[in-house]
file model.txt (compact mmCIF, C-alpha atoms)
# COMPACT_ATOMS: atom_id res chain seq x y z
CA MET A 14 28.06 13.58 -18.54
CA ARG A 15 30.23 16.49 -19.51
CA SER A 16 30.75 17.20 -23.23
CA THR A 17 34.25 18.59 -23.61
CA LEU A 18 34.60 18.57 -27.41
CA THR A 19 38.32 17.92 -26.96
CA ARG A 20 38.80 14.20 -26.42
CA ARG A 21 40.01 12.92 -29.79
CA GLU A 22 39.42 9.25 -29.04
CA LEU A 23 35.68 9.91 -28.76
CA ARG A 24 35.20 11.87 -31.93
CA SER A 25 32.91 10.44 -34.61
CA GLY A 26 32.81 7.08 -32.85
CA ALA A 27 29.22 6.69 -34.01
CA ALA A 28 30.43 6.44 -37.62
CA TRP A 29 32.10 3.19 -36.66
CA LEU A 30 29.17 2.10 -34.52
CA ALA A 31 26.68 2.70 -37.36
CA SER A 32 28.64 0.48 -39.74
CA ALA A 33 29.62 -2.23 -37.25
CA THR A 34 27.96 -5.63 -37.06
CA PRO A 35 25.27 -6.16 -34.42
CA GLU A 36 27.68 -8.43 -32.58
CA ALA A 37 30.37 -5.75 -32.51
CA VAL A 38 27.86 -3.16 -31.29
CA ASP A 39 26.70 -5.46 -28.49
CA GLU A 40 30.30 -6.17 -27.50
CA PHE A 41 31.11 -2.46 -27.40
CA LEU A 42 28.07 -1.56 -25.32
CA GLU A 43 28.49 -4.49 -22.93
CA GLY A 44 32.06 -3.33 -22.30
CA LEU A 45 30.85 -0.01 -20.87
CA ASP A 46 30.13 0.36 -17.17
CA ASP A 47 26.76 1.73 -16.09
CA ASN A 48 27.91 5.36 -15.83
CA ALA A 49 29.58 5.30 -19.25
CA LEU A 50 26.53 3.73 -20.87
CA LEU A 51 24.18 6.34 -19.39
CA ALA A 52 26.53 9.18 -20.37
CA LEU A 53 27.13 8.05 -23.96
CA PRO A 54 23.94 9.57 -25.49
CA TRP A 55 25.00 13.00 -24.16
CA MET A 56 28.63 12.86 -25.39
CA PHE A 57 28.42 14.93 -28.54
CA GLU A 58 31.98 14.11 -29.64
CA PHE A 59 30.91 10.52 -30.15
CA TRP A 60 27.87 11.35 -32.32
CA ALA A 61 29.06 14.48 -34.13
CA LEU A 62 30.01 14.72 -37.77
CA PRO A 63 33.47 16.21 -38.44
CA HIS A 64 32.12 19.64 -39.46
CA GLN A 65 30.25 19.92 -36.13
CA ILE A 66 33.44 19.76 -34.06
CA PRO A 67 35.30 23.05 -33.35
CA PRO A 68 38.65 23.37 -35.12
CA ASP A 69 41.91 22.91 -33.25
CA GLY A 70 44.19 25.81 -32.46
CA ALA A 71 43.84 29.22 -30.81
CA TRP A 72 40.97 30.44 -32.98
CA ARG A 73 38.72 33.35 -32.00
CA THR A 74 35.80 32.90 -34.40
CA TRP A 75 34.39 29.65 -35.77
CA VAL A 76 31.93 29.84 -38.67
CA VAL A 77 29.73 26.87 -39.55
CA MET A 78 28.27 27.15 -43.06
CA GLY A 79 25.73 24.67 -44.38
CA GLY A 80 22.22 24.17 -45.67
CA ARG A 81 19.18 23.10 -43.69
CA GLY A 82 19.76 19.90 -41.77
CA ALA A 83 23.55 20.23 -41.68
CA GLY A 84 23.52 20.37 -37.88
CA LYS A 85 24.54 24.00 -37.35
CA THR A 86 22.23 24.63 -34.40
CA ARG A 87 23.25 21.39 -32.68
CA ALA A 88 26.92 22.30 -33.14
CA GLY A 89 26.36 25.72 -31.58
CA ALA A 90 24.35 24.37 -28.65
CA GLU A 91 26.95 21.70 -27.88
CA TRP A 92 29.74 24.28 -28.12
CA VAL A 93 27.97 26.40 -25.50
CA ARG A 94 27.65 23.29 -23.29
CA ALA A 95 31.36 22.61 -23.63
CA GLU A 96 32.19 26.18 -22.62
CA VAL A 97 29.98 26.47 -19.54
CA GLU A 98 30.02 22.93 -18.09
CA GLY A 99 32.66 21.73 -15.65
CA ALA A 100 33.77 18.25 -14.60
CA GLY A 101 30.76 17.96 -12.27
CA PRO A 102 27.32 19.60 -12.44
CA LEU A 103 28.34 22.30 -9.95
CA ASP A 104 31.94 22.75 -11.14
CA PRO A 105 32.81 25.88 -13.15
CA GLY A 106 33.55 25.65 -16.85
CA ARG A 107 35.70 27.82 -19.10
CA ALA A 108 32.95 30.43 -19.50
CA ARG A 109 30.52 31.91 -16.98
CA ARG A 110 28.89 34.60 -19.15
CA VAL A 111 27.66 33.78 -22.66
CA ALA A 112 25.79 35.87 -25.21
CA LEU A 113 23.15 34.17 -27.39
CA VAL A 114 22.52 36.44 -30.38
CA GLY A 115 19.94 36.02 -33.14
CA GLU A 116 17.83 38.18 -35.42
CA THR A 117 15.08 38.47 -32.79
CA VAL A 118 14.65 37.46 -29.17
CA ASP A 119 11.85 35.09 -30.21
CA GLN A 120 14.11 33.31 -32.71
CA VAL A 121 16.84 32.85 -30.13
CA ARG A 122 14.37 31.47 -27.61
CA GLU A 123 12.54 29.13 -30.01
CA VAL A 124 15.58 27.83 -31.92
CA MET A 125 18.74 28.21 -29.83
CA VAL A 126 17.18 27.64 -26.40
CA PHE A 127 13.98 25.56 -26.79
CA GLY A 128 14.49 24.14 -30.29
CA ASP A 129 14.83 20.43 -31.11
CA SER A 130 18.60 20.92 -31.32
CA GLY A 131 18.77 23.79 -28.82
CA ILE A 132 20.61 24.02 -25.54
CA LEU A 133 17.86 22.56 -23.36
CA ALA A 134 17.33 19.55 -25.62
CA CYS A 135 21.08 18.82 -25.68
CA SER A 136 21.65 19.07 -21.94
CA PRO A 137 21.58 16.01 -19.62
CA PRO A 138 19.17 16.28 -16.67
CA ASP A 139 21.83 16.97 -14.04
CA ARG A 140 23.33 19.84 -16.07
CA ARG A 141 20.23 21.30 -17.71
CA PRO A 142 19.97 25.07 -17.22
CA GLU A 143 16.84 26.87 -16.06
CA TRP A 144 15.13 29.38 -18.34
CA GLU A 145 14.36 32.72 -16.68
CA ALA A 146 11.79 34.24 -19.03
CA THR A 147 11.61 37.67 -17.40
CA ARG A 148 15.38 38.16 -17.68
CA LYS A 149 15.71 36.34 -21.02
CA ARG A 150 18.51 34.09 -19.86
CA LEU A 151 19.57 30.53 -19.05
CA VAL A 152 21.17 29.76 -15.68
CA TRP A 153 23.18 26.55 -15.20
CA PRO A 154 23.50 24.64 -11.90
CA ASN A 155 27.14 25.85 -11.66
CA GLY A 156 26.11 29.50 -11.93
CA ALA A 157 26.98 30.09 -15.58
CA VAL A 158 24.58 32.40 -17.41
CA ALA A 159 23.67 32.73 -21.10
CA THR A 160 21.72 35.88 -21.97
CA VAL A 161 19.58 36.37 -25.09
CA TYR A 162 20.14 39.36 -27.39
CA SER A 163 18.56 40.54 -30.62
CA ALA A 164 20.46 41.78 -33.66
CA HIS A 165 17.85 44.54 -33.89
CA ASP A 166 19.21 46.02 -30.66
CA PRO A 167 23.02 45.86 -31.04
CA ASP A 168 23.57 48.58 -28.43
CA SER A 169 22.34 46.18 -25.73
CA LEU A 170 25.60 44.25 -26.18
CA ARG A 171 27.80 47.22 -25.31
CA GLY A 172 27.58 47.14 -21.52
CA PRO A 173 27.75 43.49 -20.44
CA GLN A 174 30.99 41.53 -20.49
CA PHE A 175 31.05 38.04 -21.99
CA ASP A 176 33.44 35.12 -22.06
CA ALA A 177 31.90 33.64 -25.21
CA ALA A 178 29.11 34.21 -27.73
CA TRP A 179 26.99 32.10 -30.07
CA VAL A 180 25.66 34.13 -33.00
CA ASP A 181 22.93 32.47 -35.06
CA GLU A 182 22.03 33.05 -38.71
CA LEU A 183 24.96 35.09 -39.98
CA GLY A 184 24.39 35.27 -43.72
CA CYS A 185 23.02 37.13 -46.71
CA PRO A 186 20.88 35.91 -49.62
CA ALA A 187 22.47 36.10 -53.07
CA VAL A 188 19.76 38.39 -54.45
CA ASP A 189 19.56 42.10 -55.17
CA LYS A 190 19.03 44.20 -52.04
CA GLY A 191 19.96 41.12 -49.98
CA ALA A 192 21.66 43.26 -47.33
CA ASN A 193 18.35 45.00 -46.55
CA GLN A 194 17.29 41.86 -44.66
CA PRO A 195 20.29 39.53 -44.47
CA ASN A 196 18.40 36.78 -42.63
CA VAL A 197 15.50 36.52 -45.11
CA PHE A 198 15.83 33.78 -47.72
CA VAL A 199 13.73 32.27 -50.47
CA ASP A 200 13.03 28.64 -49.66
CA PRO A 201 9.87 27.07 -51.14
CA LYS A 202 9.99 24.34 -48.48
CA SER A 203 9.85 26.84 -45.62
CA SER A 204 6.83 28.69 -44.24
CA GLU A 205 9.15 31.68 -43.69
CA THR A 206 10.23 32.00 -47.34
CA ALA A 207 10.45 35.66 -48.38
CA LEU A 208 12.47 38.22 -50.30
CA PRO A 209 14.40 41.02 -48.55
CA ARG A 210 12.75 44.42 -48.56
CA ALA A 211 12.69 46.07 -52.02
CA SER A 212 14.29 43.02 -53.66
CA THR A 213 13.06 41.75 -57.03
CA GLY A 214 14.62 38.34 -56.40
CA ARG A 215 17.26 38.83 -59.11
CA ARG A 216 20.35 36.78 -58.36
CA ASP A 217 23.24 38.93 -57.13
CA ASP A 218 26.33 37.02 -56.00
CA LEU A 219 28.25 40.29 -55.58
CA MET A 220 25.76 41.52 -52.98
CA GLN A 221 26.25 38.37 -50.89
CA MET A 222 30.05 38.50 -51.24
CA GLN A 223 30.26 42.20 -50.30
CA TYR A 224 28.04 41.71 -47.25
CA LEU A 225 30.11 38.82 -45.93
CA ARG A 226 33.32 40.71 -46.71
CA ALA A 227 32.07 43.76 -44.79
CA MET A 228 31.15 41.60 -41.81
CA ALA A 229 34.54 39.86 -41.82
CA GLU A 230 36.46 43.15 -42.09
CA PHE A 231 34.43 44.76 -39.30
CA TRP A 232 35.06 41.96 -36.80
CA ALA A 233 38.69 41.59 -37.86
CA ASP A 234 39.30 45.13 -36.57
CA ALA A 235 40.68 44.82 -33.03
CA ARG A 236 38.71 47.90 -31.98
CA ASN A 237 35.45 46.07 -32.74
CA ASN A 238 36.61 42.71 -31.39
CA PRO A 239 38.60 43.33 -28.19
CA ARG A 240 40.46 40.46 -26.60
CA SER A 241 39.20 38.90 -23.41
CA ALA A 242 40.15 36.03 -21.14
CA LEU A 243 38.23 33.71 -23.46
CA THR A 244 37.91 34.92 -27.03
CA GLY A 245 36.25 31.97 -28.72
CA ALA A 246 32.93 32.62 -30.45
CA ALA A 247 30.73 30.15 -32.31
CA THR A 248 28.79 31.60 -35.20
CA ASP A 249 26.12 29.79 -37.15
CA ALA A 250 26.41 30.96 -40.75
CA VAL A 251 23.69 30.30 -43.28
CA SER A 252 24.40 29.91 -46.97
CA GLY A 253 22.23 31.74 -49.46
CA PRO A 254 19.63 30.15 -51.74
CA HIS A 255 22.10 29.94 -54.62
CA SER A 256 24.99 28.66 -52.54
CA PRO A 257 26.51 25.26 -53.39
CA HIS A 258 26.33 24.41 -49.68
CA ASN A 259 22.59 23.91 -50.08
CA SER A 260 23.17 20.88 -52.30
CA SER A 261 24.45 18.87 -49.35
CA ARG A 262 21.49 18.92 -47.00
CA ILE A 263 22.03 16.13 -44.57
CA ASN A 264 20.58 15.06 -41.26
CA PRO A 265 23.33 13.52 -39.14
CA HIS A 266 20.86 12.38 -36.50
CA LYS A 267 19.02 10.04 -38.89
CA ARG A 268 22.23 8.21 -39.71
CA MET A 269 22.95 7.62 -36.06
CA ALA A 270 19.39 6.75 -35.02
CA GLY A 271 20.03 3.00 -35.17
CA SER A 272 23.06 3.29 -32.91
CA ARG A 273 21.09 5.33 -30.38
CA LEU A 274 18.39 2.67 -30.36
CA SER A 275 21.06 0.06 -29.72
CA ILE A 276 22.20 1.98 -26.66
CA GLY A 277 18.62 2.24 -25.42
CA SER A 278 18.18 -1.49 -25.95
CA SER A 279 21.41 -2.22 -24.09
CA ILE A 280 20.31 -0.11 -21.12
CA ALA A 281 16.96 -1.90 -21.06
CA LYS A 282 18.59 -5.34 -21.23
CA ARG A 283 20.96 -4.48 -18.40
CA ALA A 284 18.11 -3.13 -16.28
CA SER A 285 16.13 -6.32 -16.90
CA ARG A 286 19.04 -8.50 -15.86
CA GLU A 287 19.56 -6.49 -12.69
CA ALA A 288 15.85 -6.67 -11.88
CA GLY A 289 15.99 -10.43 -12.36
CA ASN A 290 18.94 -10.70 -10.02
CA ILE A 291 17.13 -8.66 -7.38
CA SER A 292 14.01 -10.78 -7.59
call {"tool": "encode", "arguments": {"input": "model.txt", "output": "structure tokens"}}
result
Amino acid sequence: MRSTLTRRELRSGAAWLASATPEAVDEFLEGLDDNALLALPWMFEFWALPHQIPPDGAWRTWVVMGGRGAGKTRAGAEWVRAEVEGAGPLDPGRARRVALVGETVDQVREVMVFGDSGILACSPPDRRPEWEATRKRLVWPNGAVATVYSAHDPDSLRGPQFDAAWVDELGCPAVDKGANQPNVFVDPKSSETALPRASTGRRDDLMQMQYLRAMAEFWADARNNPRSALTGAATDAVSGPHSPHNSSRINPHKRMAGSRLSIGSSIAKRASREAGNIS
């Protein structure tokens, strides 16, 4: 059930499945052996939208920008899976030490770890990591470890060595004083809607641009971003309230829900047939 995020023939297969006739869907599912059918719901390449798949090439930082519902958290969680999982549940992956960084420890735990699209929800049973609350970390069956860090305590990242990192909520609202609290946004549909400290709410595109430029320049400096054996990092960037990205709020999972139900139905039918043969 490994999700490699590299096999091109699997990518966005659900787009075809969602538009295929019921007969074609049944033919496709019936052509899978039992192991393939059980693994399919956990193969993110098959269900992902194009913007949720990491880019090709020897990149070091991947930024996913989008509004609510664009699938940023799911993309980050699946990327972590692809880095730490091996061919089998106990086999090593490309990364053994991962940093999970968010604004607060609570946000990392509730969204990136335990959230509906977090790491635990995306992991198949035989590869699901264990949460060690006292040490604020996830431990996989193969020994890989992902440790939680808060942006409010950046010095805690200085000592440990990591193969990869997933940074959540990199962004800045396009309002005056936006950099005072870069992760605070005005969103009437959210219970967490708020203005950054000392902000009047006046639109300020320059503030947002300068913040993102400063972040990009800081991490582009080799002294702040040293090379390691594995330099890839997935960052979940959030667009501001006045960003055009917010006009394309989509939920990729709704579009694929019918196809997932078809797989569940196919598994049930096959189980019923086998039970009938046994009896």
call {"tool": "atom_distance", "arguments": {"input": "model.txt", "atom1": "atom CA of A:Glu96", "atom2": "atom CA of A:Asp129"}}
result
20.2 Å
call {"tool": "closest_residue", "arguments": {"input": "model.txt", "among": "A:Leu219, A:Ala27, A:Ser212, A:Pro137", "to": "A:Leu51", "atoms": "all atoms listed in the file"}}
result
A:Pro137
call {"tool": "residues_around", "arguments": {"input": "model.txt", "residues": "stretch 100-108 of chain A", "least_positions_apart": "3", "cutoff": "6 Å", "atoms": "all atoms listed in the file", "output": "PyMOL selection string"}}
result
chain A and resi 96-97+140+154-155+176
call {"tool": "atom_distance", "arguments": {"input": "model.txt", "atom1": "atom CA of A:Arg216", "atom2": "atom CA of A:Gly82"}}
result
23.7 Å
call {"tool": "atom_distance", "arguments": {"input": "model.txt", "atom1": "atom CA of A:Val114", "atom2": "atom CA of A:Trp60"}}
result
25.7 Å
call {"tool": "build_atoms", "arguments": {"input": "model.txt", "residues": "stretch 179-215 of chain A", "atoms": "N, CA and C atoms", "output": "PDB file, in the frame of the given file"}}
result
ATOM      1  N   TRP A 179      27.490  32.908 -28.960  1.00  0.00           N
ATOM      2  CA  TRP A 179      26.990  32.100 -30.070  1.00  0.00           C
ATOM      3  C   TRP A 179      26.060  32.991 -30.871  1.00  0.00           C
ATOM      4  N   VAL A 180      26.423  33.241 -32.120  1.00  0.00           N
ATOM      5  CA  VAL A 180      25.660  34.130 -33.000  1.00  0.00           C
ATOM      6  C   VAL A 180      24.991  33.271 -34.070  1.00  0.00           C
ATOM      7  N   ASP A 181      23.676  33.317 -34.132  1.00  0.00           N
ATOM      8  CA  ASP A 181      22.930  32.470 -35.060  1.00  0.00           C
ATOM      9  C   ASP A 181      22.523  33.230 -36.309  1.00  0.00           C
ATOM     10  N   GLU A 182      22.525  32.526 -37.440  1.00  0.00           N
ATOM     11  CA  GLU A 182      22.030  33.050 -38.710  1.00  0.00           C
ATOM     12  C   GLU A 182      22.819  34.252 -39.219  1.00  0.00           C
ATOM     13  N   LEU A 183      24.129  34.088 -39.301  1.00  0.00           N
ATOM     14  CA  LEU A 183      24.960  35.090 -39.980  1.00  0.00           C
ATOM     15  C   LEU A 183      24.976  34.738 -41.454  1.00  0.00           C
ATOM     16  N   GLY A 184      24.427  35.606 -42.301  1.00  0.00           N
ATOM     17  CA  GLY A 184      24.390  35.270 -43.720  1.00  0.00           C
ATOM     18  C   GLY A 184      23.720  36.377 -44.518  1.00  0.00           C
ATOM     19  N   CYS A 185      23.653  36.156 -45.825  1.00  0.00           N
ATOM     20  CA  CYS A 185      23.020  37.130 -46.710  1.00  0.00           C
ATOM     21  C   CYS A 185      22.573  36.396 -47.969  1.00  0.00           C
ATOM     22  N   PRO A 186      21.323  36.570 -48.390  1.00  0.00           N
ATOM     23  CA  PRO A 186      20.880  35.910 -49.620  1.00  0.00           C
ATOM     24  C   PRO A 186      21.567  36.495 -50.845  1.00  0.00           C
ATOM     25  N   ALA A 187      21.805  35.655 -51.837  1.00  0.00           N
ATOM     26  CA  ALA A 187      22.470  36.100 -53.070  1.00  0.00           C
ATOM     27  C   ALA A 187      21.449  36.658 -54.042  1.00  0.00           C
ATOM     28  N   VAL A 188      20.745  37.709 -53.608  1.00  0.00           N
ATOM     29  CA  VAL A 188      19.760  38.390 -54.450  1.00  0.00           C
ATOM     30  C   VAL A 188      19.965  39.885 -54.313  1.00  0.00           C
ATOM     31  N   ASP A 189      19.409  40.648 -55.258  1.00  0.00           N
ATOM     32  CA  ASP A 189      19.560  42.100 -55.170  1.00  0.00           C
ATOM     33  C   ASP A 189      18.887  42.613 -53.902  1.00  0.00           C
ATOM     34  N   LYS A 190      19.486  43.611 -53.302  1.00  0.00           N
ATOM     35  CA  LYS A 190      19.030  44.200 -52.040  1.00  0.00           C
ATOM     36  C   LYS A 190      19.074  43.197 -50.890  1.00  0.00           C
ATOM     37  N   GLY A 191      19.889  42.152 -51.007  1.00  0.00           N
ATOM     38  CA  GLY A 191      19.960  41.120 -49.980  1.00  0.00           C
ATOM     39  C   GLY A 191      20.356  41.666 -48.617  1.00  0.00           C
ATOM     40  N   ALA A 192      21.194  42.706 -48.595  1.00  0.00           N
ATOM     41  CA  ALA A 192      21.660  43.260 -47.330  1.00  0.00           C
ATOM     42  C   ALA A 192      20.573  44.030 -46.590  1.00  0.00           C
ATOM     43  N   ASN A 193      19.447  44.326 -47.255  1.00  0.00           N
ATOM     44  CA  ASN A 193      18.350  45.000 -46.550  1.00  0.00           C
ATOM     45  C   ASN A 193      17.789  44.132 -45.428  1.00  0.00           C
ATOM     46  N   GLN A 194      17.725  42.832 -45.668  1.00  0.00           N
ATOM     47  CA  GLN A 194      17.290  41.860 -44.660  1.00  0.00           C
ATOM     48  C   GLN A 194      18.151  40.604 -44.819  1.00  0.00           C
ATOM     49  N   PRO A 195      19.334  40.621 -44.239  1.00  0.00           N
ATOM     50  CA  PRO A 195      20.290  39.530 -44.470  1.00  0.00           C
ATOM     51  C   PRO A 195      19.795  38.150 -44.057  1.00  0.00           C
ATOM     52  N   ASN A 196      18.845  38.084 -43.125  1.00  0.00           N
ATOM     53  CA  ASN A 196      18.400  36.780 -42.630  1.00  0.00           C
ATOM     54  C   ASN A 196      17.092  36.310 -43.274  1.00  0.00           C
ATOM     55  N   VAL A 197      16.701  36.933 -44.384  1.00  0.00           N
ATOM     56  CA  VAL A 197      15.500  36.520 -45.110  1.00  0.00           C
ATOM     57  C   VAL A 197      15.923  35.813 -46.388  1.00  0.00           C
ATOM     58  N   PHE A 198      15.427  34.589 -46.580  1.00  0.00           N
ATOM     59  CA  PHE A 198      15.830  33.780 -47.720  1.00  0.00           C
ATOM     60  C   PHE A 198      14.602  33.204 -48.424  1.00  0.00           C
ATOM     61  N   VAL A 199      14.766  32.949 -49.709  1.00  0.00           N
ATOM     62  CA  VAL A 199      13.730  32.270 -50.470  1.00  0.00           C
ATOM     63  C   VAL A 199      13.952  30.772 -50.355  1.00  0.00           C
ATOM     64  N   ASP A 200      12.967  30.094 -49.804  1.00  0.00           N
ATOM     65  CA  ASP A 200      13.030  28.640 -49.660  1.00  0.00           C
ATOM     66  C   ASP A 200      11.607  28.107 -49.778  1.00  0.00           C
ATOM     67  N   PRO A 201      11.246  27.539 -50.928  1.00  0.00           N
ATOM     68  CA  PRO A 201       9.870  27.070 -51.140  1.00  0.00           C
ATOM     69  C   PRO A 201       9.405  26.052 -50.105  1.00  0.00           C
ATOM     70  N   LYS A 202      10.352  25.360 -49.449  1.00  0.00           N
ATOM     71  CA  LYS A 202       9.990  24.340 -48.480  1.00  0.00           C
ATOM     72  C   LYS A 202       9.757  24.916 -47.075  1.00  0.00           C
ATOM     73  N   SER A 203       9.976  26.215 -46.936  1.00  0.00           N
ATOM     74  CA  SER A 203       9.850  26.840 -45.620  1.00  0.00           C
ATOM     75  C   SER A 203       8.637  27.757 -45.566  1.00  0.00           C
ATOM     76  N   SER A 204       7.964  27.778 -44.418  1.00  0.00           N
ATOM     77  CA  SER A 204       6.830  28.690 -44.240  1.00  0.00           C
ATOM     78  C   SER A 204       7.298  30.128 -44.091  1.00  0.00           C
ATOM     79  N   GLU A 205       8.608  30.337 -43.886  1.00  0.00           N
ATOM     80  CA  GLU A 205       9.150  31.680 -43.690  1.00  0.00           C
ATOM     81  C   GLU A 205       9.812  32.219 -44.963  1.00  0.00           C
ATOM     82  N   THR A 206       9.600  31.555 -46.109  1.00  0.00           N
ATOM     83  CA  THR A 206      10.230  32.000 -47.340  1.00  0.00           C
ATOM     84  C   THR A 206       9.801  33.432 -47.677  1.00  0.00           C
ATOM     85  N   ALA A 207      10.746  34.259 -48.073  1.00  0.00           N
ATOM     86  CA  ALA A 207      10.450  35.660 -48.380  1.00  0.00           C
ATOM     87  C   ALA A 207      11.644  36.291 -49.079  1.00  0.00           C
ATOM     88  N   LEU A 208      11.404  37.416 -49.710  1.00  0.00           N
ATOM     89  CA  LEU A 208      12.470  38.220 -50.300  1.00  0.00           C
ATOM     90  C   LEU A 208      12.790  39.384 -49.374  1.00  0.00           C
ATOM     91  N   PRO A 209      14.057  39.830 -49.337  1.00  0.00           N
ATOM     92  CA  PRO A 209      14.400  41.020 -48.550  1.00  0.00           C
ATOM     93  C   PRO A 209      13.607  42.232 -49.041  1.00  0.00           C
ATOM     94  N   ARG A 210      13.480  43.206 -48.200  1.00  0.00           N
ATOM     95  CA  ARG A 210      12.750  44.420 -48.560  1.00  0.00           C
ATOM     96  C   ARG A 210      13.284  45.036 -49.852  1.00  0.00           C
ATOM     97  N   ALA A 211      12.378  45.390 -50.752  1.00  0.00           N
ATOM     98  CA  ALA A 211      12.690  46.070 -52.020  1.00  0.00           C
ATOM     99  C   ALA A 211      13.421  45.185 -53.025  1.00  0.00           C
ATOM    100  N   SER A 212      13.592  43.905 -52.741  1.00  0.00           N
ATOM    101  CA  SER A 212      14.290  43.020 -53.660  1.00  0.00           C
ATOM    102  C   SER A 212      13.340  42.474 -54.719  1.00  0.00           C
ATOM    103  N   THR A 213      13.841  42.346 -55.950  1.00  0.00           N
ATOM    104  CA  THR A 213      13.060  41.750 -57.030  1.00  0.00           C
ATOM    105  C   THR A 213      13.301  40.244 -57.127  1.00  0.00           C
ATOM    106  N   GLY A 214      14.283  39.752 -56.336  1.00  0.00           N
ATOM    107  CA  GLY A 214      14.620  38.340 -56.400  1.00  0.00           C
ATOM    108  C   GLY A 214      15.687  38.019 -57.437  1.00  0.00           C
ATOM    109  N   ARG A 215      16.210  39.050 -58.113  1.00  0.00           N
ATOM    110  CA  ARG A 215      17.260  38.830 -59.110  1.00  0.00           C
ATOM    111  C   ARG A 215      18.540  38.345 -58.423  1.00  0.00           C
TER     112      ARG A 215
END
